[in-house]
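Notes follow the structure.
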Amino acid sequence: MKELSSAELRQLFLDFFKEKGHKVEKSASLVPVEDPTLLWINSGVATMKKYFDGTVRPDNPRIASSQKSIRTNDIENVGVTARHHTLFEMLGNFSIGDYFKEEAIEWAWEFLTGDKWLALDPDKLYITVYPQDVETYNIWKDKIGVDESHLIEEEGNFWDIGEGPCGPDSEIFYDRGEAFNDLPEGHEENYPGGENERWLEIWNLVFSEFNHKSDDTYVPLPNKNIDTGMGLERIVSVVQNAPTNFETDLFMPIINKVEDISGHEYNKNKKDRVSFKVIADHIRTLVFAISDGALPSNEGRGYVLRRLLRRSVMHGRRLSIEKPFLTQLIPVVGEIMQAHYPEVSENTEFIEKVILNEEERFLETLSAGLDKVKEIVEELKAEGQTIISGKDVFQLYDTYGFPLELTEEVVDEEDITINYEEFEVEMEKQRERARSARQAEGSMAVQSSLLSDVSVESDFIGYNHDETSSELVRIIKEESFVQTAEPGESVRLIFSESPFYAEKGGQVGDSGLILNDEQTVMAEVTNVKSGPDGQPIHEAEIRHKLNVNETYYLVIDRKRRRLIERNHTATHLLHQALKDVLGDHANQAGSLVEDSQLRFDFTHFGQVTEEELKKMEEQVNQKIQENIMVETVETDIDTAKEMGAMALFGEKYGKHVRVVLIDDYSKELCGGTHVKTTSEIGLFKILSETGIGAGTRRIIARTSEGAYRWMEEQLTILKQVSKLMKLQSHSDLPIRVEGLQKEIKEISQANESLHAKLANAQAEDIFTKTETVGDLTVIAEEIKAKDMNQLRQLADKWKQNNYSDILVLGLRNEDKVNLIASLNEKAREKNLKASHLIKTISPYVKGGGGGRDDFAQAGGKNPDGLPEALQAVSEWVRENS
């Protein structure tokens, strides 16, 4: 076995498959691009879905990659098991309709055992195969020469994620020796594929040869594919002879740094070791995800990051780290990954800013969580209870990031126990929500044989031409190729060449007309999408019969295209303005370029101020006024990057790319259509800026005609408002509005005062209406007040003057009811509680509530039930005192 670093092993894998004719693809962003089924990129194949389902044909059907991936379905296991991670790298080789089982198996064996490569001992390798996959079994046995004692048939070896491509798989296990024979408690699975530490699965070869259809049948794929996955962390642990993945060079430098910060030793005790592992795992995930544009938040992938960061901080506390420390680990991660992921070190400053901000905020939240625990404990002790609700503990966990163990420590000191069963019910609800959110994760469209057969050439000439004569080479009706398209049908058309732009890169597809020689409109093109080889596929409504192999005249909607181009070039200007005003971290995270407006999504972890928006808008309009030439250069990807061209968020580019240059101001890789000079845009106006998710914000803007019309609409509204206020000039409007606001405030204050006087006047009368029940006095009356706040004020007055022992007030507010109940010390000495009283009477008003022993409140939606609720008070006092 060779001695290799993780960086050397990763590169060796990629080099091996490059020698086998594979194109090595760069690891894609962890944030999925145009794939709503995924929260994160969670495997190597997740980035290949468009190839596997046939919607895009790769330049090379053989692909290899080392893909960073995130899986967070069972975070609690991280640090507890030997190889569970939230972030991992998946080494994989893929065949899109090219080679199949024999080559995949031969190459896997060669890479693992070959002297030039890993040189693992063949006697330590064991193989599992699907029992019905006789072909694979025989390849391993006869072609590779694996002894049958090392071949295990396993029913679970069938890769199937539901509807879509699927097939048998073959897993390769490494025997780590008898020293790893210890089994988890309650398990007897000391064999390859069982739950144990000895037999380590290092590679899975998936032979994707069937379509799993919606009717639960399996049919052969038109193109058989290979999808393999080998976890880098696992194979590195084998090569470096590490007890677990964490003792490899991927994690130990981080762990050593945590030792320096904490003063604790990694190998001193098991409890500390778990905390070291959790921190080392989670900081890698945080660094890579933030580098790829994800940001902590309260939802989606942002919530995942927030949770990981908070778990890291909590485990830091267990290692006696009380202050922010995670930023000290970021450069260590960057150094470990420098060889394959230089962007991590390049983005260190931004990552540090995000993590430090989040860590400091959490330490404040942690303090609030401790206060909340103490508050709950005090309430329980006041009520004489010794069990804390599992729902309360879960809220502390979910809202405050307060782990169960810390709650246990606090309540144990007060001799209070936790309702673990209730807590587990809430946890299971959360897991179910997570499972539901992940149901589509990893799904893949059923492979279309029709799309796979669309291999005809079709050139897009729309950069320089708005119209052309072209031969109709394919008509697609539903899921079949046909020779003719009849009037009234909706079909898809492919021509030998086309001026119609196909929807991609955020720019919508063109629309237009298809004419014959006599200029008769034969069909209307409503949209254009891209085929497997990038062919423009025209979605068309047929007016007159069309025939394959005949020539027609294609004309785009020129006005619509020009408006789209103005908006598209404006997005480039806006992108640079965002970076200039907000910082280099503000990257494009999606866009939609239409004729009416543009939508631009970008990463940013704070609010965008009005002043910042104004600066961006002014900067874009300045570039428009400068009448800058917009040039396009066709080159290769490396030259484009040397030119300083900006690659858009998460996009993958081929060998040949287009660079759109707007002087030295903006340089972007882009395949869309653009204006010739910036002055054609005319005017740029931002309509709105909002947050749309985890660290992602959205600007909607208009240009040229759209911007002009929008401004006219605003002026019309302004004129109407000025007219209503009888103003001669719009400039007087702010002063008049300010004056009106002041008047409204004064009227509101006067109204509040009148309501208070009315309530107090009623109170003087109501507080004399006492009823004696046993040796307690009771007041239970309906009152006219403004709101619940005034009810509370009256309760305070009652308490100060000791008008009775028990007070219940009811308030009707349109179709709702408010109730308050207050008890003095004499009533409470008889073991009466306001919270019990309010829960007894609130059902009469179809409501509910709660509170303390001395004060409680409720709301309801049945005003007609208020008299009954008030009448029930005396009966409750009689029964319970």
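Order determines the names: the first chain of the structure tokens is A, the second B, and so forth; residues in each chain are numbered 1 upward, and ligands are numbered 1 upward as they are shown.
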Practice problem: Tell me which protein, DNA and RNA residues are within 6 Å of stretch 840-847 of chain A, counting only C-alpha atoms, leaving out same-chain ones fewer than 5 positions away, and put them as a PyMOL selection string. | Solution: chain A and resi 859-862+865-866+869
Could the residues in this selection be written to a file with C-alpha atoms, as a PDB file, in the first residue's frame?
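That gives us part_11.pdb:
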```
ATOM      1  CA  GLY A 859     -58.828  34.795  24.009  1.00  0.00           C
ATOM      2  CA  GLY A 860     -61.892  33.392  22.298  1.00  0.00           C
ATOM      3  CA  LYS A 861     -64.005  33.693  19.157  1.00  0.00           C
ATOM      4  CA  ASN A 862     -67.542  33.352  20.587  1.00  0.00           C
ATOM      5  CA  GLY A 865     -70.629  32.837  25.314  1.00  0.00           C
ATOM      6  CA  LEU A 866     -69.182  35.600  27.518  1.00  0.00           C
ATOM      7  CA  ALA A 869     -68.182  32.245  31.114  1.00  0.00           C
TER       8      ALA A 869
END
```
Quiz item: Quick one: residues within 9 Å of stretch 774-789 of chain A, only C-alpha atoms counted, chain neighbours fewer than 6 positions away excluded, as a PyMOL selection string?
Solution: chain A and resi 752+755-756+758-759+762-763+766-768+803-813+818-821+826-827+866-867+870-871+873-874+877-878+881
Exercise. Go through stretch 432-651 of chain A and collect every residue that DSSP, computed from the backbone, puts in strand (DSSP E); the answer should be as a PyMOL selection string.
Key: chain A and resi 459-460+467-477+480-482+484-485+490-495+497-498+512-515+521-530+536-542+546-547+551-556+588-593+598-603+630-636
Quiz prompt | stretch 79-197 of chain A: residues DSSP assigns to helix (DSSP H, G or I), reported as a PyMOL selection string | solution = chain A and resi 101-113+122-124+134-144+148-150+178-180
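The space separating atom CA of A:Val817 from atom CA of A:Gly848 comes to 10.6 Å.
Excluding stretch 267-282 of chain A itself and same-chain residues fewer than 4 positions from it, the residues having an atom within 8 Å of it are Val78, Gly79, Val80, His85, Thr86, Leu87, Phe246, Phe251, Ile254, Ile255, Val258, Leu286, Leu308, Leu309, Arg311, Ser312, His315, Gly316, Arg318 and Leu319 of chain A, counting only C-alpha atoms.
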Practice problem: Please provide the set of residues having any atom within 6 Å of stretch 230-244 of chain A, restricted to only C-alpha atoms, with same-chain residues fewer than 4 positions apart removed, written as number ranges by chain. | Solution: A: 6, 82, 89-91, 202-203, 248
Give me a file of those residues, with N, CA, C and O atoms, as an mmCIF file, in the first residue's frame.
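Printed below is out.cif as written:
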```
data_model
loop_
_atom_site.group_PDB
_atom_site.id
_atom_site.type_symbol
_atom_site.label_atom_id
_atom_site.label_comp_id
_atom_site.auth_asym_id
_atom_site.auth_seq_id
_atom_site.Cartn_x
_atom_site.Cartn_y
_atom_site.Cartn_z
ATOM 1 N N SER A 6 -3.903 13.108 1.583
ATOM 2 C CA SER A 6 -5.247 13.192 0.995
ATOM 3 C C SER A 6 -5.206 13.927 -0.342
ATOM 4 O O SER A 6 -5.885 13.527 -1.298
ATOM 5 N N ALA A 82 -17.365 6.426 13.574
ATOM 6 C CA ALA A 82 -16.001 6.601 13.049
ATOM 7 C C ALA A 82 -15.963 7.381 11.748
ATOM 8 O O ALA A 82 -14.961 8.002 11.411
ATOM 9 N N GLU A 89 -16.128 14.388 0.545
ATOM 10 C CA GLU A 89 -15.812 14.430 -0.889
ATOM 11 C C GLU A 89 -16.079 13.062 -1.492
ATOM 12 O O GLU A 89 -15.651 12.040 -0.936
ATOM 13 N N MET A 90 -16.767 13.072 -2.623
ATOM 14 C CA MET A 90 -17.073 11.817 -3.299
ATOM 15 C C MET A 90 -16.259 11.734 -4.584
ATOM 16 O O MET A 90 -16.454 12.515 -5.514
ATOM 17 N N LEU A 91 -15.317 10.784 -4.602
ATOM 18 C CA LEU A 91 -14.569 10.500 -5.823
ATOM 19 C C LEU A 91 -15.460 9.641 -6.711
ATOM 20 O O LEU A 91 -16.035 8.653 -6.249
ATOM 21 N N ILE A 202 -15.503 0.928 0.707
ATOM 22 C CA ILE A 202 -14.697 2.025 0.173
ATOM 23 C C ILE A 202 -15.165 2.510 -1.203
ATOM 24 O O ILE A 202 -14.830 3.613 -1.614
ATOM 25 N N TRP A 203 -15.926 1.671 -1.936
ATOM 26 C CA TRP A 203 -16.320 2.092 -3.285
ATOM 27 C C TRP A 203 -17.616 1.387 -3.667
ATOM 28 O O TRP A 203 -17.799 0.200 -3.382
ATOM 29 N N THR A 248 -7.005 11.270 10.087
ATOM 30 C CA THR A 248 -6.290 11.487 8.824
ATOM 31 C C THR A 248 -5.862 12.943 8.704
ATOM 32 O O THR A 248 -6.249 13.798 9.509
#
```
Self-check item: Near-A:Leu598 list (8 Å; only C-alpha atoms; drop same-chain fewer than 2 positions) as a list in words
Solution: Asn567, His568, Thr571, Ser591, Leu592, Val593, Glu594, Asp595, Ser596, Phe600, Ile700, Ala701 and Arg702 of chain A
For the selection you just gave me, I'd like the residues written to a file as an mmCIF file, in the first residue's frame, keeping N, CA and C atoms.
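Produced file selection.cif, reproduced below:
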```cif
data_model
loop_
_atom_site.group_PDB
_atom_site.id
_atom_site.type_symbol
_atom_site.label_atom_id
_atom_site.label_comp_id
_atom_site.auth_asym_id
_atom_site.auth_seq_id
_atom_site.Cartn_x
_atom_site.Cartn_y
_atom_site.Cartn_z
ATOM 1 N N ASN A 567 -32.294 44.537 -20.886
ATOM 2 C CA ASN A 567 -32.351 44.061 -19.506
ATOM 3 C C ASN A 567 -31.181 43.151 -19.171
ATOM 4 N N HIS A 568 -30.740 42.359 -20.175
ATOM 5 C CA HIS A 568 -29.633 41.434 -19.909
ATOM 6 C C HIS A 568 -28.328 42.188 -19.689
ATOM 7 N N THR A 571 -28.174 43.644 -16.320
ATOM 8 C CA THR A 571 -27.821 42.744 -15.208
ATOM 9 C C THR A 571 -26.305 42.676 -15.023
ATOM 10 N N SER A 591 -30.859 34.598 -11.927
ATOM 11 C CA SER A 591 -31.424 35.772 -12.595
ATOM 12 C C SER A 591 -32.527 35.345 -13.543
ATOM 13 N N LEU A 592 -33.371 36.296 -13.869
ATOM 14 C CA LEU A 592 -34.397 36.097 -14.886
ATOM 15 C C LEU A 592 -34.447 37.366 -15.715
ATOM 16 N N VAL A 593 -34.160 37.225 -17.004
ATOM 17 C CA VAL A 593 -34.133 38.366 -17.900
ATOM 18 C C VAL A 593 -35.286 38.234 -18.889
ATOM 19 N N GLU A 594 -36.275 39.095 -18.744
ATOM 20 C CA GLU A 594 -37.441 39.088 -19.622
ATOM 21 C C GLU A 594 -37.491 40.393 -20.400
ATOM 22 N N ASP A 595 -38.523 40.546 -21.231
ATOM 23 C CA ASP A 595 -38.666 41.800 -21.953
ATOM 24 C C ASP A 595 -39.214 42.899 -21.050
ATOM 25 N N SER A 596 -40.032 42.542 -20.036
ATOM 26 C CA SER A 596 -40.677 43.546 -19.191
ATOM 27 C C SER A 596 -39.788 44.034 -18.057
ATOM 28 N N PHE A 600 -32.735 39.933 -10.357
ATOM 29 C CA PHE A 600 -31.347 39.580 -10.069
ATOM 30 C C PHE A 600 -31.222 39.153 -8.614
ATOM 31 N N ILE A 700 -35.425 43.634 -8.269
ATOM 32 C CA ILE A 700 -36.233 43.675 -9.490
ATOM 33 C C ILE A 700 -36.097 45.072 -10.069
ATOM 34 N N ALA A 701 -35.784 45.137 -11.354
ATOM 35 C CA ALA A 701 -35.543 46.432 -11.990
ATOM 36 C C ALA A 701 -36.101 46.442 -13.410
ATOM 37 N N ARG A 702 -36.200 47.615 -13.967
ATOM 38 C CA ARG A 702 -36.647 47.780 -15.351
ATOM 39 C C ARG A 702 -35.691 48.709 -16.080
#
```
Quiz item: Could you name the residues that touch stretch 125-130 of chain A at 7 Å or less, counting only C-alpha atoms, but leaving out those on the same chain fewer than 4 positions away, as a list in words?
Solution: Tyr137, His150, Leu151, Ile152, Glu153, Glu154, Glu155, Asn157, Phe158, Pro168, Asp169, Ser170, Glu171, Ile172, Phe173, Tyr174, Asp175 and Pro192 of chain A
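Of the listed residues A:Asn464, A:Thr635, A:Asn549, A:Thr348, the one whose atoms come nearest to A:Val675 is A:Asn464, with distances taken using only C-alpha atoms.
Every protein or nucleic acid residue with an atom no more than 9 Å from A:Glu426, counting only C-alpha atoms and leaving out same-chain residues fewer than 5 positions away, appears here: Gly390, Lys391, Phe394, Glu421 and Arg431 of chain A.
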Self-check item: Residue with smallest distance to A:Arg698 - pool A:Asn760, A:Thr770, A:Lys257, A:Phe602, counting only C-alpha atoms
Solution: A:Phe602
